[in-house]
Structures are given as structure tokens and as C-alpha cells.
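K.L.:
One structure is given below, represented as C-alpha cells, and several questions about it will come after.
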There are 2 protein chains.
Amino acid sequence: MQDQKDSDEKVVLLSHGAGGILQEELIKFVTSSATVRKVGEGIGIDAFDDGATVPLTDSDYEIVMSADGHTIHPLFFPGGDIGLLSAASTINDIAMMGAKCIAISSTVFVEEGFWFSELEKIMKSFNDALGSNGVALVCGDTKVIPKGQLDQLMMSTTGIGFRPKNRYIADNNVKPGDNIIVTGPLGDHEAALIANRHGIDLKTELTSDVAILLDMIESLGDFEGIHAMKDPTRGGLASALNQWAQQSNVGISLNEKEIPIRTEVRSICDILGLNPYHLASEGKALLAVDAEHTQSVLEALRSHQLGKDTIIVGVAQEENSGMVLIKSEYGGTKFMDSPYGEPIPRVC
Amino acid sequence: MQDQKDSDEKVVLLSHGAGGILQEELIKFVTSSATVRKVGEGIGIDAFDDGATVPLTDSDYEIVMSADGHTIHPLFFPGGDIGLLSAASTINDIAMMGAKCIAISSTVFVEEGFWFSELEKIMKSFNDALGSNGVALVCGDTKVIPKGQLDQLMMSTTGIGFRPKNRYIADNNVKPGDNIIVTGPLGDHEAALIANRHGIDLKTELTSDVAILLDMIESLGDFEGIHAMKDPTRGGLASALNQWAQQSNVGISLNEKEIPIRTEVRSICDILGLNPYHLASEGKALLAVDAEHTQSVLEALRSHQLGKDTIIVGVAQEENSGMVLIKSEYGGTKFMDSPYGEPIPRVC
């Protein structure tokens with residue numbers, strides 16, 4: 001059917017899936033025809049947040065719901081596999097809205113001829129991650145795809161949790177004066193995958209940072225003073241902070257020398273001409289916290305193994321609304337742009 | 001990685017995805033390592049029902065949650081497309097548990113190079129179906145897959161709704177004496193797709209029966225006397241009723257001459273050597289209803305356009321527990337087996 005089309009007609013590009021400006025365009029296109037876009041006064045599809053909320057009638061609570069599709073090559077990578085990645089991704093998205101994921105649905109698309117032994121490893125990794133965080137696998141689906149019509153295996157997960165209705169933590173809630181906090185070195189996940197895929201031999205053992213942040217985030221208690229949280233996955237720090245700046249109508253000013261990026265990650269970026277701020281992390285969080293509560297939030301995060309390198313990287317401000325600025329330690333200031341499309345050069 | 005394996009090692013077969021006994025085996029395998037399998041006293045993964053339930057604390061209600069993966073070839077088929085199919089599938093599964101889907105998450109996997117114009121049609125079909133049933137699209141994800149690593153487009157949806165905690169409608173709740181009711185002719189969806197794929201020229205216009213059953217099911221009011229509901233999708237009538245018989249520890253006795261199957265569907269089955277009881281419907285429901293409420297349920301269903309051909313096809317009984325028997329109009333009785341694997345001969 002597709003070959004008969006006019007060659008000028010627009011097609012989906014790989015860069016539409018890369019977490020940048022084109023990704024936003026694709027998501028808006030896919031959802032544009034939806035006529036019911038939220039439930040009651042909840043957060044719906046228009047928020048383009050980490051998830052949605054569905055208020056419960058006659059209750060002080062609302063449901064938090066988040067969905068992710070997972071595709072990664074190779075399925076087993078340094079530091080994890082698609083099973084752990086799937087669990088982490090959805091549990092983290094819900095944690096970033098200030099809720100604990102309690103139940104998850106999982107749909108597995110698997111290619112005909114895939115080994116049961118590999119499938120077992122992936123599902124054990126997924127289920128162990130759920131179980132150790134008290135998340136129930138409640139329902140799902142499994143589809144077998146004819147050989148050659150799918151590359152091995154993909155997963156899709158949707159999680160639900162609860163939060164008090166008055167706990168508003170959202171991408172459009174960053175306030176001028178908020179400190180911008182990062183819980184550790186950025187870009188490890190994508191850099192490790194790229195190095196692995198390109199056969200770059202590193203002197204040190206760089207692995208994906210994929211991790212479930214629920215326990216660390218729960219140590220924040222009642223989330224007082226926390227206006228927004230986000231995990232910088234596809235599109236990296238740059239994409240996440242630009243979304244905050246635009247949705248919250250604030251400027252975000254960063255100190256370049258404070259932004260934690262490992263030497264190995266910088267080296268990989270240098271070799272391949274990548275922007276480290278565009279690389280995905282899978283076990284880090286960004287927080288926007290008011291001045292009054294910053295110290296206690298820093299202490300709570302740093303006392304957790306996954307947050308021991310937590311650091312303030314910048315501040316939100318009224319000036320330069322909608323933009324992210326980065327101040328070099330040598331005095332210059334530049335914009336931190338969102339990635340436009342595919343951040344990884346298509347070398348292979 | 002896969003090519004290095006011992007050739008005797010077990011692999012996933014297409015027949016593991018066909019709605020039969022092998023499908024059950026695959027689902028049990030995939031979920032076997034899950035350690036938390038339900039929330040509180042809710043229905044969890046072990047029930048292998050149309051969905052799960054998550055009880056709300058301090059409330060008379062529980063959340064009903066259901067997930068589906070959608071893959072179909074061709075994406076646009078006689079009577080519908082993958083967008084409508086995705087919406088119907090999840091909304092119907094939740095309706096089959098006696099709840100109204102209120103919010104849905106949607107994940108779209110799309111192949112690089114797919115036309116925006118086709119994507120627009122599919123999403124409009126999906127979103128129109130949601131909107132006209134008052135279901136909100138609240139969150140989702142979109143992944144672009146490199147060309148050749150996915151056949152065009154797949155979708156995954158998870159829906160949530162609410163039902164009163166005391167409304168127990170489940171696959172393990174069929175009681176001896178219940179009438180088994182079918183809301184119309186069976187197998188249209190799969191027969192129409194097979195005919196289309198094999199280029200079988202039918203004198204009449206057979207199309208998929210894909211339809212959203214929510215409105216018809218809501219006309220049942222408070223569901224009094226209804227013990228179980230199920231839509232006979234993958235694996236057809238035979239798979240659905242065998243699940244009921246096994247999970248509810250009842251026998252199910254059917255009158256062959258009452259089972260509604262169109263002449264065209266029977267003809268396609270005759271030509272290709274298929275069992276019509278194994279073919280998927282996408283717009284029909286099975287109900288198990290106690291004798292007292294059968295008449296009122298029949299009247300409610302028949303007064304709805306989608307249920308005008310509703311008919312009693314059999315009865316549940318204590319004898320032959322775990323089995324489905326089918327009585328021929330000529331006096332013989334045989335077992336109606338679940339399909340084992342792939343019902344469609346792999347002609348193409």
C-alpha cells in the first residue's frame with residue numbers, strides 16, 4: 001500500500017522517536033484527534049507530563065497513570081536488560097509525579113523463533129524489579145509476531161498508583177527561585193549503549209545507570225517544597241529542562257561546571273560528536289525545589305545510595321522565560337537547545 | 001546471539017499466540033516469575049481473566065484494569081482498522097467485567113517510513129471510538145522502529161474503569177443452571193480477515209464485526225443475575241467457554257443448532273478446513289446468566305442494535321465439570337476442544 005504513495009508525502013522518520021522537538025511533533029500528531037483528553041480536573045494528554053491523573057470521587061486521592069513502550073538493541077546491555085528497563089521506566093515515571101506505582105500491566109510482543117530461555121531471563125528481570133518494589137503484575141497480553149516482522153522483542157507497560165489530590169508535582173509547576181537538582185551523573189545509559197554498539201573499548205567499566213528510583217523518592221516523605229520532578233530519559237537533560245522552562249514559563253539558568261557527567265561519557269561524546277546533555281539516563285531524577293526546602297531534600301537524596309552524588313546545577317528564574325541557559329565557568333552564556341531529532345549519528 | 005544456541009532449545013512459535021492451549025502456556029511462562037500477583041483482595045494475574053481489579057481503600061469501588069497488544073495484517077481491513085480494533089478490544093474487556101472504561105493509555109510502535117496520512121487515519125479511528133464512548137485518552141508513548149525491524153505499526157492499550165466491589169463478574173463465577181447467551185453471529189472478524197487475505201470472493205459482503213460493546217452492556221443496568229461475561233476474541237467460542245468451564249468447575253452443554261454462525265463464515269471454514277468455533281469475533285459477548293434473570297437480560301440485549309440477534313446457546317451444569325459439550329441436532333454429542341495452536345492454516 002505504501003509504495004503507491006506520492007513520494008513527496010510525509011513519512012515517519014527515526015528522528016521522530018528520539019526525544020526531541022520532532023518527537024513532540026509526532027506525539028501531538030498522534031493524539032490530536034482525541035476528543036476527551038482528561039478525566040474531570042485531572043492531568044490528561046495535553047500536559048505531555050510523565051503521566052496522567054484520574055481524580056477519585058469522594059476521596060482525597062487521585063490515580064496516577066503512566067504508559068511506556070520499550071525497544072532497545074541489544075536486549076541485554078551493560079548494566080541491565082529490556083525487562084529491568086521496562087519496570088524502571090514506568091515505576092520511575094509514576095514516582096516523578098509523587099506517587100508509588102502499585103500495579104502494572106505488561107504487553108510483550110515477541111518474534112516467532114525467539115528463545116524461551118532468553119524470554120525467561122527478560123521476564124525474571126522485569127518481575128524481580130516489580131516484586132522487590134512491591135509492585136503487582138496484575139494483567140497483560142502476549143503477542144507472537146511472524147518471523148521477520150519484528151526485531152526480537154518489544155514491551156509495553158502501564159502503571160497505576162495513588163497520590164493525594166493536593167500533591168501537585170508537575171512539569172508546569174516550576175517556580176522562579178526553585179533550585180534545579182540532579183541526583184547524579186547524567187547520560188550513562190545512552191553512552192554505555194552507544195559504546196557497546198560501536199565497539200568503543202573504554203578503560204573503565206561504564207554501564208547503564210538503569211535503576212528504580214521509587215525507594216529514593218519515597219525517602220522525600222511528604223514532598224514539601226518540591227514543585228516538579230522528571231527523569232531525563234530520551235532527549236536527556238536538555239529535553240527535560242526545556243520542557244520545564246516552556247511549560248512552567250520560567251527561565252532555567254545552569255552552571256556548566258556543576259552538571260555531573262562522567263569522563264567516559266564525555267569521551268564517547270567527543271569521539272562521536274554528540275552533545276552529552278542530549279543523552280538519556282535511566283536512573284536519575286531532576287527536581288525543582290523551593291529555597292526553603294532545598295537543604296532537607298539534598299540531605300534525603302544524598303543519604304540514599306542512588307542519590308549520593310546529588311547536586312544543585314542551577315536555578316529557575318523569571319528572566320528568559322521558556323529558555324534554558326548554561327553559564328560556562330569561563331564566563332560565557334549559551335542556550336541549551338532541545339535535541340531536534342536523532343542524537344546518535346547513524347554510523348552503523 | 002540466537003544463532004549460537006543449541007538447535008534443540010525451545011523457541012516461541014506462532015501458535016503460542018493463537019488464543020489456544022499453547023497461548024495459555026506462553027502467558028503462564030511469561031508471568032511465572034512475578035512475585036506480587038495481585039493488589040490486596042483484587043483479581044490479579046493468576047485469574048487470567050479479561051482484566052484485573054485493584055480495590056480502593058475506604059470505598060465501595062474497585063479499579064478494573066485491562067491491557068491488550070494489537071497487531072493485525074492488513075492494518076485496514078473490511079469493517080475496521082487497527083485503531084478501532086485497539087479501542088474496542090480494551091473497552092470491551094473492561095465492559096466484560098461490568099465496568100465502564102473511563103481512561104486509556106496508548107502506546108504506538110511505528111516503523112520508520114510509515115506514512116503520516118495512514119497514521120492519521122488510524123489514530124482518528126482510535127480516538128473517535130474513544131470519544132464517542134466518553135473514554136479519555138490520558139497518556140501514552142510513541143516509539144519509532146528502524147525500517148525492517150517492525151511490520152508497519154503495532155499498538156498497545158491499557159484501560160481503567162470502576163465497578164462496585166460487590167459486582168463480581170468473573171470467568172470463575174459461572175454457576176450450574178446458568179444459561180449461556182451469545183449476542184450474535186460468531187467468527188465474522190477472523191473469517192472476514194482470512195477471506196480478504198486469501199482473496200476469497202464472497203457473494204455477500206462479510207466484514208469484521210469489530211464494535212464497542214460498552215453501550216449495549218451498560219443497558220444491562222445493575223447486572224443482576226449475570227455471573228460472567230466474556231468476548232470471544234482470539235481462540236473464539238471454544239477457547240472462551242473452555243476457560244469458563246475449567247475456571248468455574250462446571251460443564252457447559254451447547255445446542256449446536258442454536259450457535260449462530262453466518263453461512264459465509266461456514267463456507268470459508270469449509271474451503272479452508274477451519275473450525276468456526278475457533279474463529280475470533282471482535283464485537284460479540286458471551287454471558288452466563290441465572291435462570292431468574294435470563295428473560296430480562298435477553299430483552300435488554302435484543303433491544304440494542306448490536307445485540308438484536310442475541311440467543312441462548314446452552315447451559316452450565318454440574319456434570320462433565322471442566323468440559324464443553326456440543327449436542328448435534330441429529331442426537332450425537334461431542335466435545336468442543338480449545339484450539340491447540342494456530343487455527344489458520346499457513347497457506348500464505
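We name chains A, B, ... following the order of the C-alpha cells; residues begin at 1 in each chain, and ligands are numbered from 1 as shown.
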Could you list the residues in chain A lying within 6 Å of chain B, using only C-alpha atoms, and format the result as a PyMOL selection string?
P.N.:
chain A and resi 10-14+17+33-38+44-45+51-52+67-69+107+112-116+124+127+131+136-141+143-144+149-151
K.L.:
Compile the contact shell of A:Ala195 as number ranges by chain: residues with an atom at most 10 Å away, counting only C-alpha atoms, same-chain residues fewer than 2 positions apart removed.
P.N.:
A: 78, 190-193, 197-202, 206-207, 264-265, 268-269, 272
K.L.:
Store the residues picked out above in a file with N, CA and C atoms, as a tab-separated table (two decimals), in the first residue's frame.
P.N.:
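Output below, filename again-v9.tsv:
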```tsv
chain	number	residue	atom	x	y	z
A	78	PRO	N	25.10	-3.59	28.85
A	78	PRO	CA	25.89	-3.45	30.08
A	78	PRO	C	25.09	-2.71	31.16
A	190	GLU	N	22.65	5.97	27.84
A	190	GLU	CA	22.79	6.05	26.38
A	190	GLU	C	24.26	5.92	25.96
A	191	ALA	N	25.16	6.51	26.75
A	191	ALA	CA	26.59	6.42	26.42
A	191	ALA	C	27.07	4.97	26.46
A	192	ALA	N	26.62	4.23	27.47
A	192	ALA	CA	27.03	2.82	27.59
A	192	ALA	C	26.52	2.01	26.41
A	193	LEU	N	25.30	2.29	26.00
A	193	LEU	CA	24.73	1.57	24.86
A	193	LEU	C	25.44	1.90	23.56
A	197	ARG	N	27.53	-0.62	21.23
A	197	ARG	CA	27.10	-0.84	19.86
A	197	ARG	C	28.22	-0.53	18.87
A	198	HIS	N	29.04	0.47	19.21
A	198	HIS	CA	30.10	0.88	18.29
A	198	HIS	C	31.43	0.20	18.61
A	199	GLY	N	31.42	-0.70	19.61
A	199	GLY	CA	32.64	-1.39	19.95
A	199	GLY	C	33.73	-0.48	20.49
A	200	ILE	N	33.34	0.61	21.15
A	200	ILE	CA	34.34	1.51	21.73
A	200	ILE	C	34.85	0.87	23.03
A	201	ASP	N	36.15	0.66	23.09
A	201	ASP	CA	36.75	-0.01	24.24
A	201	ASP	C	37.13	1.04	25.29
A	202	LEU	N	36.41	1.03	26.40
A	202	LEU	CA	36.69	2.02	27.45
A	202	LEU	C	37.61	1.41	28.48
A	206	LEU	N	31.97	1.44	32.11
A	206	LEU	CA	30.76	2.26	32.05
A	206	LEU	C	29.56	1.36	31.77
A	207	THR	N	28.55	1.45	32.63
A	207	THR	CA	27.34	0.66	32.41
A	207	THR	C	26.13	1.60	32.44
A	264	GLU	N	34.19	9.28	31.07
A	264	GLU	CA	33.99	8.32	29.98
A	264	GLU	C	32.87	8.76	29.05
A	265	VAL	N	31.82	9.32	29.64
A	265	VAL	CA	30.68	9.77	28.83
A	265	VAL	C	31.10	10.95	27.95
A	268	ILE	N	33.20	9.59	25.04
A	268	ILE	CA	32.37	8.98	23.98
A	268	ILE	C	31.72	10.07	23.14
A	269	CYS	N	31.24	11.11	23.82
A	269	CYS	CA	30.61	12.22	23.09
A	269	CYS	C	31.64	12.91	22.19
A	272	LEU	N	32.35	10.73	19.09
A	272	LEU	CA	31.26	10.59	18.11
A	272	LEU	C	30.56	11.91	17.78
```
K.L.:
Tell me which of A:Gly307, A:Lys257, A:Gly177, A:Ser86 sits closest to A:Glu319, counting only C-alpha atoms.
P.N.:
A:Gly177
K.L.:
Just the number, please: distance in Å from atom CA of B:His73 to atom CA of B:Asp188, one decimal.
P.N.:
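Those two atoms sit 15.7 Å apart.
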K.L.:
Please compute the atom CA of B:Val210-atom CA of B:His293 distance, one decimal, in Å.
P.N.:
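So the answer is 27.5 Å.
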K.L.:
What's the 6 Å shell around stretch 182-185 of chain B, counting only C-alpha atoms, without same-chain residues fewer than 4 positions away, as a list of chain:residue names?
P.N.:
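Close residues of stretch 182-185 of chain B: B:Pro260, B:Ile261, B:Lys284, B:Ala285, B:Leu286, B:Gly307, B:Asp309, B:Thr310, B:Ile311.
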K.L.:
Deliver the residues from the most recent selection as a file, using N, CA and C atoms, as a PDB file, in the first residue's frame.
P.N.:
```pdb
ATOM      1  N   PRO B 260     -25.012 -19.329  16.574  1.00  0.00           N
ATOM      2  CA  PRO B 260     -25.202 -18.515  15.374  1.00  0.00           C
ATOM      3  C   PRO B 260     -23.893 -18.310  14.606  1.00  0.00           C
ATOM      4  N   ILE B 261     -23.827 -18.849  13.406  1.00  0.00           N
ATOM      5  CA  ILE B 261     -22.668 -18.650  12.527  1.00  0.00           C
ATOM      6  C   ILE B 261     -23.197 -18.416  11.117  1.00  0.00           C
ATOM      7  N   LYS B 284     -18.763  -9.260  19.827  1.00  0.00           N
ATOM      8  CA  LYS B 284     -19.788 -10.121  20.419  1.00  0.00           C
ATOM      9  C   LYS B 284     -19.442 -10.413  21.870  1.00  0.00           C
ATOM     10  N   ALA B 285     -20.488 -10.736  22.648  1.00  0.00           N
ATOM     11  CA  ALA B 285     -20.277 -11.085  24.053  1.00  0.00           C
ATOM     12  C   ALA B 285     -20.946 -12.412  24.376  1.00  0.00           C
ATOM     13  N   LEU B 286     -20.317 -13.139  25.305  1.00  0.00           N
ATOM     14  CA  LEU B 286     -20.940 -14.325  25.906  1.00  0.00           C
ATOM     15  C   LEU B 286     -21.334 -13.944  27.328  1.00  0.00           C
ATOM     16  N   GLY B 307     -27.068  -6.184  19.693  1.00  0.00           N
ATOM     17  CA  GLY B 307     -27.453  -7.437  20.342  1.00  0.00           C
ATOM     18  C   GLY B 307     -28.767  -8.000  19.822  1.00  0.00           C
ATOM     19  N   ASP B 309     -29.571 -10.048  17.653  1.00  0.00           N
ATOM     20  CA  ASP B 309     -29.617 -11.480  17.368  1.00  0.00           C
ATOM     21  C   ASP B 309     -29.217 -12.336  18.575  1.00  0.00           C
ATOM     22  N   THR B 310     -29.342 -11.764  19.759  1.00  0.00           N
ATOM     23  CA  THR B 310     -28.962 -12.482  20.979  1.00  0.00           C
ATOM     24  C   THR B 310     -29.756 -13.782  21.131  1.00  0.00           C
ATOM     25  N   ILE B 311     -29.075 -14.840  21.550  1.00  0.00           N
ATOM     26  CA  ILE B 311     -29.720 -16.148  21.620  1.00  0.00           C
ATOM     27  C   ILE B 311     -29.083 -16.985  22.746  1.00  0.00           C
TER      28      ILE B 311
END
```
K.L.:
How would you write, as a VMD selection string, the set of residues in stretch 261-291 of chain A that DSSP gives as strand (DSSP E or B)?
P.N.:
chain A and resid 286 to 289
K.L.:
How far is it from atom CA of A:Phe76 to atom CA of A:Ile217, in Å with one decimal?
P.N.:
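Those two atoms sit 26.7 Å apart.
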K.L.:
Which of these residues is nearest to B:Asn242, using only C-alpha atoms: B:Asp171, B:Glu41, B:Glu282, B:Glu25?
P.N.:
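Among B:Asp171, B:Glu41, B:Glu282, B:Glu25, it is B:Asp171 that comes nearest to B:Asn242.
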K.L.:
Compile the contact shell of B:Ser338 as an mmCIF file with N, CA and C atoms, in the first residue's frame: residues with an atom at most 6 Å away, counting only C-alpha atoms, same-chain residues fewer than 3 positions apart removed.
P.N.:
```cif
data_model
loop_
_atom_site.group_PDB
_atom_site.id
_atom_site.type_symbol
_atom_site.label_atom_id
_atom_site.label_comp_id
_atom_site.auth_asym_id
_atom_site.auth_seq_id
_atom_site.Cartn_x
_atom_site.Cartn_y
_atom_site.Cartn_z
ATOM 1 N N GLY B 20 -5.050 -20.327 21.918
ATOM 2 C CA GLY B 20 -5.391 -21.675 22.353
ATOM 3 C C GLY B 20 -4.587 -22.126 23.558
ATOM 4 N N ALA B 238 -14.815 -21.528 21.408
ATOM 5 C CA ALA B 238 -14.295 -22.743 22.048
ATOM 6 C C ALA B 238 -13.322 -22.398 23.171
ATOM 7 N N SER B 239 -12.435 -21.450 22.899
ATOM 8 C CA SER B 239 -11.452 -21.064 23.905
ATOM 9 C C SER B 239 -12.135 -20.395 25.099
#
```
K.L.:
Mind checking which residues fall within 7 Å of B:Pro164, counting only C-alpha atoms, ignoring those fewer than 4 positions away in the same chain, and posting them as a short mmCIF file (atom, residue, chain, number, x, y, z; two decimals) with C-alpha atoms, in the first residue's frame?
P.N.:
```
data_model
loop_
_atom_site.label_atom_id
_atom_site.label_comp_id
_atom_site.auth_asym_id
_atom_site.auth_seq_id
_atom_site.Cartn_x
_atom_site.Cartn_y
_atom_site.Cartn_z
CA ASP B 60 -17.23 0.58 47.82
CA TYR B 61 -15.48 0.61 44.43
CA GLU B 62 -12.52 -1.05 42.82
#
```
